[in-house]
Structure formats: C-alpha cells, structure tokens
Amino acid sequence: MAGRRVALKSIDWLAFAERVPLNQRSMFNALKTRSDAISAKLTSLPEAPVAIDWSFYRSKVAKVGMVDEFEKKFKALQVPEPVDTQTSAINAQEAEANKSASAYIAASKNRIAEFEEKMNKLNSMVPFDQMTIDDLNDVFPETKLDKVKHPYWPHKPIAEL
C-alpha cells in the first residue's frame, strides 16, 4: 500500500529543528504537528482494505444479478499508481549540490588555513607601539619605500597613491 511506503520515510525532526530560524519556529511547529497527525492517520489505517461482504449485499438487494455485476466490475477495477518521474531529477540535483558544497567546504578550509597563517604572523610580530620603520618594512614589505627608484617624496609612483 502506498500509505505504508510513505509512512516508512521518516524525517529527522531534531536536525530539521536546528536549522529553523527562531522567527520561523511557529511555522515549523505547525508543520511538525500536521505531519504527525497525517502520519498517525496513515499508521492507523489497515494494511489492506477491508474485504467487501458480497453475500450480505446479495441478500439485501432485490434486483438479481446487480451485486454480481458490481462485484465483477470491482474486481476488474485497477487503480494506477502514479509513476515517479521526479526522484531521479531530485537525486541528480542533490548530487550536484553535494559536489558544489564539498568544493565550497574545501575552498573554505583553504581560506581558513591562509587566514590562520596570517593571524599567526600578526600575533607573532612586534606590537605597533614598539615597532620601528625597519620592523614594519620587514613584516609588511609592501610598505617599504623605494628611494632608489623614486628618489623624491612620496617615493612611490603617483598612480599608486
């Protein structure tokens, strides 16, 4: 039964709740309550539909053959289940999102390593109030003035100012 298959798919509500912003908590609680109500209703239904007692209807219906005709049509009835056409597309999107997320995580870890290296450099340098111009030029070489190439003040090309 399709209801049982749906009921077997569970949602990790704790992990879901961690990702919900505080201003949307009431909507999340309403969604969870509704989902729990639907899930409870699905689990309360029997696995197979209740069998129809055709002999009872034969004894109650006056027209002969009418119940037999209904029974024959009922047994011939086939209700098609909808074909799942979206799962493969969703799985492809999920794989693409996982790939881009893992690439982003790797790039972020590289940036974190670079920033930690810069932080270690900044934490290990001489404090600015105790630093000389030579110390500043050693730590930050881009601040060093090239007096040979540009002998006049400001010792840098005007375009860089």
# chains A, B, ... in the order shown; residues from 1 in each chain; ligands from 1
>>> residues_around(residues="Leu31 of chain A", least_positions_apart="6", cutoff="12 Å", atoms="only C-alpha atoms", output="ChimeraX atom specification")
/A:11,13,16-17,20,24-25,37-38
>>> select_by_dssp(residues="segment 1-159 of chain A", states="alpha helix (DSSP H)", output="NGL selection string")
:A and (2-8 or 13-18 or 25-44 or 54-60 or 66-76 or 87-124 or 133-139)
>>> residues_around(residues="Met125 of chain A", least_positions_apart="2", cutoff="12 Å", atoms="only C-alpha atoms", output="PyMOL selection string")
chain A and resi 118-123+127-132+135-140
